[in-house]
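Step one of this worksheet: look at the structure below.
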Amino acid sequence: MGVWSQVVGQPDAVRVLGTAAVAARGLVDGTGTAAGMTHAWLFTGPPGSGRSVAARAFAAALQCTTPGEPGCGECQGCHTSMSGTHADVRMVVPEGLSISVAEMRALVQTSARRPTGGRWQVVIITDADRLTEGAANALLKAVEEPPARTVFLLCAPSDHPDDVSVTIRSRCRAIALRTPAAPAIAEVLRLRDGVDTDTAAWAASVSGGHVGRARRLATDPAARDRRAKVLRIPLHLRRLSDVFDCADDLVKAAETDASEVSGTRDEAERDALKTALGHGGTGKGAASATRGSAGAIKELEKRQKSRATRTQRDALDLALVDLAGFYRDVLVTHAGASVALNHPDHAEGSAQAAGSWTPESTLRRLEAVLACREALEQNVKPRIAIEAMVSAMHFG
Amino acid sequence: MSSPSVTPAPLQLVLGEEELLVERAVRAALETARLADASADLTRIRVSELTAPELAELVSPSLFAEGRVIVLDAAHEATQDIAALVISYAKQPAEGIVLAVVHNGGGRKPGKDVVAAMRKAGAVVTECAKITKAAEREGFVRNEIRQAGGRTDPAAVAALIDSVGSDLRELAAAAQQLVADTAGAVTEEAVRRYHRGRADVTGFAVAEKAVTGDTAGALEALRWAMQTGVPHVLVADALADAVRTVARVAGAGRADPFRLAGELGMPAWKVKKALAQARGWKPRALGEAIRITAQVNADVKGMAADADYALERAVLGIARAQRSDH
């Protein structure tokens with residue numbers, strides 16, 4: 001099974017990337033020309049379409065050493081690239097709210113090195129939309145004209161490449177990924193994760209084309225529960241006090257997620273940093289060794305806080321996307337359009353809602369959900385934003 | 001040698017964090033000691049800076065037997081060793097020496113042991129707990145005025161606290177000054193003649209007026225709050241909190257405040273207040289008010305060009321929603 005099998009439901013992108021990998025191999029061997037291969041790529045696509053997976057598969061194909069079609073999935077190059085341990089494949093996965101300029105400057109330095117394996121130096125930036133303006137500018141020079149064997153792979157969750165600043169975009173070759181079809185997702189869940197056929201089909205149908213979400217729903221009962229709870233909200237807002245109970249549930253669940261992450265990692269990270277800075281030592285000079293280390297610890301705490309905020313927002317966002325999908329289903333049902341529903345398993349609920357709400361009020365509710373997503377991005381307190389949304393959902 | 005008419009208590013314990021009251025207690029201790037011996041001198045030292053030999057030197061009788069007042073500040077920071085020394089001294093205080101221990105009432109065990117030992121040894125205890133309640137503050141002001149030889153009434157006290165703020169030092173100074181200026185009769189009119197404006201306007205005061213539909217009062221409070229530098233974000237949060245509380249209480253319907261308090265996870269006084277504020281609110285208007293508070297929360301975090309204006313608009317909107325009929 002080659003590396004491309006991981007890229008779900010994207011035949012067009014796989015074809016382009018495969019051709020490029022062949023051309024890249026020609027360059028390494030000294031037999032081919034550069035036709036088909038480029039030094040910088042921009043992967044765009046809706047969330048869950050597998051941008052970073054596609055980028056990683058492409059990196060594996062570039063590092064593949066098996067003769068024949070590049071990207072065998074079995075040689076050392078493919079294997080280590082896919083698992084993220086290849087020496088010449090660098091992944092930048094932002095955990096905080098944005099990618100800082102300092103991080104990018106360091107990355108530019110390492111990207112200028114020659115590949116240790118003699119093939120390609122690959123830099124993958126997942127979520128390039130989180131580059132701050134300064135960070136994007138620091139990257140410009142390197143992306144425009146990297147050393148001969150360096151390849152930049154940028155990924156951005158978007159239907160449109162416009163979300164990445166024009167200066168970066170114009171230096172990259174764009175690969176647009178589309179929402180994978182439900183059967184393709186079900187197939188990959190069955191083959192790769194060993195999920196049974198029924199569950200795989202169900203998870204694929206309710207995931208809205210998000211591969212990772214489908215896998216989570218298929219394998220994690222807690223995620224299924226959470227989704228069911230969220231989708232129960234629209235039809236259970238009878239009284240004003242329900243608004244606050246529902247909002248409270250949503251916010252609490254997100255806070256739990258964030259505190260789980262920080263609970264498992266914050267303390268260990270702080271201890272590791274303190275040890276590295278020489279805290280807890282005894283004997284002569286131990287006290288002076290730790291002088292000036294408070295700043296570094298503060299910095300770490302700031303990063304951890306940023307990560308916690310991100311986790312909380314991501315958890316809320318999942319719920320909001322599910323809610324938006326539900327209201328879309330209500331509109332679709334009302335209009336009698338013959339398109340697939342986002343939540344086919346809640347068709348009864350959306351039909352019931354379509355019978356009792358006017359399309360205008362459904363649309364107002366949908367707008368409230370979208371406005372809430374925007375408000376969260378604008379740093380509004382989650383509780384306040386969610387309460388405003390749920391009360392708008394209640395009144396319609 | 002004349003015999004002293006008063007004998008100062010050899011052990012004094014000053015408990016609490018209210019700085020002004022602590023200072024007064026220390027000064028009172030010194031003054032009483034000076035009544036007994038005019039040449040008594042004062043030594044103040046933080047317990048954390050004290051060493052065992054220093055303490056021994058301070059409390060040992062001197063050659064000329066002059067009076068001494070020793071103030072040990074921040075006794076809550078005491079370590080085990082120093083605490084043991086102070087305790088052992090408290091059991092057998094030396095003549096002519098006044099030892100005053102200042103302790104904030106909290107802290108770790110060694111410090112608390114000192115407090116217990118001082119009490120047991122019969123120390124004079126002066127309580128200087130932080131004044132947090134409005135009634136206590138009013139009592140303090142009334143007392144200040146009386147002590148300075150003036151008379152006052154509740155309206156004047158309220159007006160003085162409104163315009164001076166909650167800092168005890170400032171209140172005490174203002175009270176004494178007013179007594180001196182008015183020849184004793186501190187009336188509301190007199191207070192208004194010398195003090196203008198408002199010192200402490202919190203976001204909660206603004207929000208309280210806004211949710212009761214008092215447009216003029218809310219706007220006035222908001223302007224004062226902006227004037228005294230209350231951060232915009234705090235006012236916006238207070239507005240959201242007030243609207244949420246009203247909405248939760250209104251949504252729960254008529255019920256016993258104490259039962260509601262348990263259900264909603266709020267203190268009973270808050271529920272009681274909110275029940276009164278919830279009168280006149282219609283459900284849809286509450287929905288609108290919640291929307292406004294979410295909007296203003298984004299506004300004060302950089303979405304609006306002018307955060308002052310955004311807050312004023314929100315206050316107006318909430319007050320208007322309160323008066324609307326649907």
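Note on naming: chains are A, B, ... as they come in the structure tokens, residues start from 1 per chain, ligands start from 1 in the order shown.
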
**Report entry** Residue contacts of Ala324 of chain A (8 Å, only C-alpha atoms) excluding same-chain residues fewer than 5 positions away, as a PyMOL selection string
**Finding:** chain A and resi 366+369-370

Report task. With a distance threshold of 7 Å and counting only C-alpha atoms, extract the residues of chain B near chain A and express them as a list in words. Result ->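 Here is what falls inside 7 Å: Arg248, Gly251, Ala252, Gly287, Ile290, Arg291, Ala294, Asn297 and Ala298 of chain B.
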
For segment 258-266 of chain B, please output as a CSV table (one decimal) with C-alpha atoms, in the first residue's frame all residues within 12 Å (counting only C-alpha atoms; exclusion window: fewer than 5 positions along the same chain).
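Below is the file that was written, around.csv:
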chain,number,residue,atom,x,y,z
A,241,SER,CA,-33.5,28.9,31.6
A,244,PHE,CA,-28.2,29.0,30.2
A,245,ASP,CA,-28.1,25.3,30.9
A,248,ASP,CA,-23.2,26.1,30.4
B,241,ASP,CA,-22.9,39.5,34.2
B,244,ARG,CA,-27.1,37.1,32.6
B,245,THR,CA,-28.0,37.1,36.3
B,246,VAL,CA,-31.3,38.8,35.5
B,247,ALA,CA,-32.0,36.4,32.7
B,248,ARG,CA,-31.3,33.3,34.8
B,249,VAL,CA,-33.4,34.5,37.6
B,250,ALA,CA,-36.2,35.6,35.3
B,251,GLY,CA,-36.1,32.3,33.5
B,252,ALA,CA,-36.4,30.4,36.7
B,253,GLY,CA,-39.7,32.0,37.5
B,271,VAL,CA,-30.5,36.3,43.6
B,272,LYS,CA,-32.6,38.6,45.8
B,273,LYS,CA,-31.2,41.7,44.1
B,274,ALA,CA,-31.7,40.1,40.6
B,275,LEU,CA,-35.3,39.1,41.4

Query - Residue neighbourhood segment 227-236 of chain A, 10 Å, only C-alpha atoms, exclusion window fewer than 5 positions, as a PyMOL selection string - result: chain A and resi 217+221-222+242-243+245-247+249-250+318-320+322-327+343+346+349-350+352-353+365+390+393-394

Query raised in the report: For the atom pair atom CA of Arg105 of chain A and atom CA of Gly118 of chain A, what is the interatomic distance in Å to one decimal place?
Result: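 Straight-line distance from atom CA of Arg105 of chain A to atom CA of Gly118 of chain A works out to 23.9 Å.
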
Report task. Mind checking which residues fall within 12 Å of Asp214 of chain B, counting only C-alpha atoms, ignoring those fewer than 2 positions away in the same chain, and posting them as JSON, numbers by chain? Result -> {"B": [205, 206, 207, 208, 209, 210, 211, 212, 216, 217, 218, 219, 220, 221, 222, 277, 315, 316, 317, 318, 319, 320, 321, 322, 323]}

Could the residues in this selection be saved with C-alpha atoms as a PDB file, in the first residue's frame?
ATOM      1  CA  ALA B 205     -22.672  50.117  39.583  1.00  0.00           C
ATOM      2  CA  VAL B 206     -23.090  50.958  35.902  1.00  0.00           C
ATOM      3  CA  ALA B 207     -24.590  47.565  35.123  1.00  0.00           C
ATOM      4  CA  GLU B 208     -26.985  47.710  38.052  1.00  0.00           C
ATOM      5  CA  LYS B 209     -28.447  50.984  36.843  1.00  0.00           C
ATOM      6  CA  ALA B 210     -28.563  49.794  33.223  1.00  0.00           C
ATOM      7  CA  VAL B 211     -30.569  46.632  33.950  1.00  0.00           C
ATOM      8  CA  THR B 212     -33.103  48.581  36.005  1.00  0.00           C
ATOM      9  CA  ALA B 216     -29.679  58.732  33.026  1.00  0.00           C
ATOM     10  CA  GLY B 217     -28.212  57.145  36.138  1.00  0.00           C
ATOM     11  CA  ALA B 218     -26.418  54.462  34.154  1.00  0.00           C
ATOM     12  CA  LEU B 219     -24.896  56.946  31.724  1.00  0.00           C
ATOM     13  CA  GLU B 220     -23.776  59.171  34.578  1.00  0.00           C
ATOM     14  CA  ALA B 221     -22.184  56.249  36.389  1.00  0.00           C
ATOM     15  CA  LEU B 222     -20.526  55.126  33.160  1.00  0.00           C
ATOM     16  CA  GLN B 277     -34.199  43.847  38.904  1.00  0.00           C
ATOM     17  CA  VAL B 315     -25.821  50.877  28.175  1.00  0.00           C
ATOM     18  CA  LEU B 316     -28.468  52.797  26.210  1.00  0.00           C
ATOM     19  CA  GLY B 317     -29.493  49.629  24.382  1.00  0.00           C
ATOM     20  CA  ILE B 318     -29.857  47.602  27.565  1.00  0.00           C
ATOM     21  CA  ALA B 319     -31.840  50.318  29.300  1.00  0.00           C
ATOM     22  CA  ARG B 320     -34.109  50.654  26.258  1.00  0.00           C
ATOM     23  CA  ALA B 321     -34.600  46.876  26.115  1.00  0.00           C
ATOM     24  CA  GLN B 322     -35.630  46.912  29.757  1.00  0.00           C
ATOM     25  CA  ARG B 323     -38.416  49.360  29.022  1.00  0.00           C
TER      26      ARG B 323
END

Query raised in the report: Near segment 182-194 of chain A, within 10 Å and counting only C-alpha atoms, which residues show up once chain neighbours fewer than 3 positions away are dropped, as number ranges by chain?
Result: A: 5-10, 49, 179, 197-212, 214-215, 218-219

Take the residues just selected and output them with N, CA and C atoms as a PDB file, in the first residue's frame.
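Contents of out-v8.pdb, as written:
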ATOM      1  N   SER A   5      -2.336   6.188  -0.699  1.00  0.00           N
ATOM      2  CA  SER A   5      -3.609   5.641  -0.231  1.00  0.00           C
ATOM      3  C   SER A   5      -4.100   6.392   0.999  1.00  0.00           C
ATOM      4  N   GLN A   6      -3.198   7.111   1.670  1.00  0.00           N
ATOM      5  CA  GLN A   6      -3.591   7.881   2.848  1.00  0.00           C
ATOM      6  C   GLN A   6      -4.355   9.143   2.453  1.00  0.00           C
ATOM      7  N   VAL A   7      -4.135   9.577   1.223  1.00  0.00           N
ATOM      8  CA  VAL A   7      -4.782  10.818   0.775  1.00  0.00           C
ATOM      9  C   VAL A   7      -6.155  10.442   0.245  1.00  0.00           C
ATOM     10  N   VAL A   8      -7.170  10.754   1.054  1.00  0.00           N
ATOM     11  CA  VAL A   8      -8.504  10.201   0.794  1.00  0.00           C
ATOM     12  C   VAL A   8      -9.271  11.043  -0.214  1.00  0.00           C
ATOM     13  N   GLY A   9      -9.744  10.410  -1.255  1.00  0.00           N
ATOM     14  CA  GLY A   9     -10.686  11.058  -2.174  1.00  0.00           C
ATOM     15  C   GLY A   9     -10.150  12.269  -2.900  1.00  0.00           C
ATOM     16  N   GLN A  10      -8.860  12.270  -3.240  1.00  0.00           N
ATOM     17  CA  GLN A  10      -8.274  13.424  -3.935  1.00  0.00           C
ATOM     18  C   GLN A  10      -7.514  12.971  -5.176  1.00  0.00           C
ATOM     19  N   SER A  49      -9.929  17.875   5.032  1.00  0.00           N
ATOM     20  CA  SER A  49      -9.760  17.275   3.713  1.00  0.00           C
ATOM     21  C   SER A  49      -8.407  16.589   3.594  1.00  0.00           C
ATOM     22  N   THR A 179     -13.506  18.516  -0.629  1.00  0.00           N
ATOM     23  CA  THR A 179     -14.107  17.727   0.444  1.00  0.00           C
ATOM     24  C   THR A 179     -14.214  16.290  -0.022  1.00  0.00           C
ATOM     25  N   THR A 197     -18.103  -2.010   8.894  1.00  0.00           N
ATOM     26  CA  THR A 197     -18.665  -1.316   7.734  1.00  0.00           C
ATOM     27  C   THR A 197     -19.764  -0.328   8.120  1.00  0.00           C
ATOM     28  N   ASP A 198     -20.668  -0.745   9.017  1.00  0.00           N
ATOM     29  CA  ASP A 198     -21.800   0.119   9.353  1.00  0.00           C
ATOM     30  C   ASP A 198     -21.352   1.394  10.048  1.00  0.00           C
ATOM     31  N   THR A 199     -20.496   1.210  11.067  1.00  0.00           N
ATOM     32  CA  THR A 199     -20.014   2.380  11.806  1.00  0.00           C
ATOM     33  C   THR A 199     -19.249   3.309  10.867  1.00  0.00           C
ATOM     34  N   ALA A 200     -18.429   2.724   9.997  1.00  0.00           N
ATOM     35  CA  ALA A 200     -17.635   3.538   9.079  1.00  0.00           C
ATOM     36  C   ALA A 200     -18.553   4.355   8.185  1.00  0.00           C
ATOM     37  N   ALA A 201     -19.590   3.711   7.656  1.00  0.00           N
ATOM     38  CA  ALA A 201     -20.514   4.417   6.755  1.00  0.00           C
ATOM     39  C   ALA A 201     -21.218   5.533   7.518  1.00  0.00           C
ATOM     40  N   TRP A 202     -21.651   5.232   8.779  1.00  0.00           N
ATOM     41  CA  TRP A 202     -22.344   6.245   9.567  1.00  0.00           C
ATOM     42  C   TRP A 202     -21.418   7.428   9.860  1.00  0.00           C
ATOM     43  N   ALA A 203     -20.201   7.101  10.340  1.00  0.00           N
ATOM     44  CA  ALA A 203     -19.271   8.176  10.714  1.00  0.00           C
ATOM     45  C   ALA A 203     -18.934   9.038   9.512  1.00  0.00           C
ATOM     46  N   ALA A 204     -18.749   8.394   8.346  1.00  0.00           N
ATOM     47  CA  ALA A 204     -18.409   9.154   7.140  1.00  0.00           C
ATOM     48  C   ALA A 204     -19.564  10.063   6.760  1.00  0.00           C
ATOM     49  N   SER A 205     -20.812   9.583   6.958  1.00  0.00           N
ATOM     50  CA  SER A 205     -21.955  10.374   6.497  1.00  0.00           C
ATOM     51  C   SER A 205     -22.190  11.588   7.390  1.00  0.00           C
ATOM     52  N   VAL A 206     -21.805  11.527   8.677  1.00  0.00           N
ATOM     53  CA  VAL A 206     -22.099  12.653   9.561  1.00  0.00           C
ATOM     54  C   VAL A 206     -20.895  13.566   9.779  1.00  0.00           C
ATOM     55  N   SER A 207     -19.773  13.239   9.149  1.00  0.00           N
ATOM     56  CA  SER A 207     -18.560  13.993   9.462  1.00  0.00           C
ATOM     57  C   SER A 207     -18.441  15.267   8.644  1.00  0.00           C
ATOM     58  N   GLY A 208     -19.326  15.454   7.667  1.00  0.00           N
ATOM     59  CA  GLY A 208     -19.219  16.645   6.837  1.00  0.00           C
ATOM     60  C   GLY A 208     -17.942  16.654   6.016  1.00  0.00           C
ATOM     61  N   GLY A 209     -17.438  15.487   5.653  1.00  0.00           N
ATOM     62  CA  GLY A 209     -16.250  15.409   4.807  1.00  0.00           C
ATOM     63  C   GLY A 209     -14.953  15.629   5.549  1.00  0.00           C
ATOM     64  N   HIS A 210     -15.000  15.581   6.883  1.00  0.00           N
ATOM     65  CA  HIS A 210     -13.798  15.791   7.694  1.00  0.00           C
ATOM     66  C   HIS A 210     -13.278  14.421   8.104  1.00  0.00           C
ATOM     67  N   VAL A 211     -12.150  14.033   7.528  1.00  0.00           N
ATOM     68  CA  VAL A 211     -11.653  12.664   7.739  1.00  0.00           C
ATOM     69  C   VAL A 211     -11.317  12.433   9.208  1.00  0.00           C
ATOM     70  N   GLY A 212     -10.608  13.377   9.808  1.00  0.00           N
ATOM     71  CA  GLY A 212     -10.197  13.204  11.194  1.00  0.00           C
ATOM     72  C   GLY A 212     -11.399  13.126  12.128  1.00  0.00           C
ATOM     73  N   ALA A 214     -14.397  12.104  11.280  1.00  0.00           N
ATOM     74  CA  ALA A 214     -15.062  10.823  11.052  1.00  0.00           C
ATOM     75  C   ALA A 214     -14.367   9.730  11.856  1.00  0.00           C
ATOM     76  N   ARG A 215     -13.047   9.774  11.848  1.00  0.00           N
ATOM     77  CA  ARG A 215     -12.310   8.742  12.580  1.00  0.00           C
ATOM     78  C   ARG A 215     -12.582   8.857  14.073  1.00  0.00           C
ATOM     79  N   ALA A 218     -15.944   7.564  14.851  1.00  0.00           N
ATOM     80  CA  ALA A 218     -16.049   6.111  14.690  1.00  0.00           C
ATOM     81  C   ALA A 218     -15.366   5.376  15.835  1.00  0.00           C
ATOM     82  N   THR A 219     -14.339   5.986  16.414  1.00  0.00           N
ATOM     83  CA  THR A 219     -13.554   5.238  17.398  1.00  0.00           C
ATOM     84  C   THR A 219     -13.747   5.706  18.832  1.00  0.00           C
TER      85      THR A 219
END

**Report entry** DSSP-assigned strand (DSSP E or B) among segment 110-313 of chain B, expressed as number ranges by chain
**Finding:** B: 124-127, 151-152, 185-186

**Report entry** Long-range neighbours of Ala135 of chain B as a VMD selection string, 12 Å cut-off, only C-alpha atoms, 4 positions minimum in chain
**Finding:** chain B and resid 131 139 to 142 154 157 to 158 161 166

Deliver the residues from the most recent selection as a file, using N, CA, C and O atoms, as a short mmCIF file (atom, residue, chain, number, x, y, z; two decimals), in the first residue's frame.
data_model
loop_
_atom_site.label_atom_id
_atom_site.label_comp_id
_atom_site.auth_asym_id
_atom_site.auth_seq_id
_atom_site.Cartn_x
_atom_site.Cartn_y
_atom_site.Cartn_z
N ILE B 131 -11.28 46.57 56.31
CA ILE B 131 -12.68 46.98 56.27
C ILE B 131 -13.19 46.77 54.85
O ILE B 131 -12.68 47.38 53.90
N GLY B 139 -19.38 53.16 59.45
CA GLY B 139 -19.11 53.24 60.89
C GLY B 139 -17.77 53.88 61.17
O GLY B 139 -17.63 54.70 62.08
N PHE B 140 -16.80 53.52 60.36
CA PHE B 140 -15.46 54.08 60.53
C PHE B 140 -15.48 55.60 60.36
O PHE B 140 -14.93 56.34 61.19
N VAL B 141 -16.13 56.04 59.29
CA VAL B 141 -16.18 57.49 59.04
C VAL B 141 -16.89 58.20 60.18
O VAL B 141 -16.42 59.24 60.68
N ARG B 142 -18.03 57.63 60.63
CA ARG B 142 -18.78 58.25 61.71
C ARG B 142 -17.89 58.40 62.95
O ARG B 142 -17.83 59.44 63.59
N PRO B 154 -26.25 60.26 58.50
CA PRO B 154 -25.97 59.21 57.51
C PRO B 154 -25.78 59.75 56.09
O PRO B 154 -24.93 59.26 55.35
N VAL B 157 -22.34 61.03 55.62
CA VAL B 157 -21.35 59.96 55.58
C VAL B 157 -21.35 59.30 54.21
O VAL B 157 -20.31 59.07 53.60
N ALA B 158 -22.56 59.00 53.70
CA ALA B 158 -22.66 58.36 52.40
C ALA B 158 -22.06 59.25 51.32
O ALA B 158 -21.32 58.79 50.44
N ILE B 161 -18.22 59.12 51.49
CA ILE B 161 -17.64 57.89 50.96
C ILE B 161 -17.75 57.86 49.44
O ILE B 161 -16.83 57.44 48.74
N SER B 166 -12.77 54.49 48.96
CA SER B 166 -12.80 53.54 50.06
C SER B 166 -11.47 53.46 50.79
O SER B 166 -11.32 52.67 51.70
#
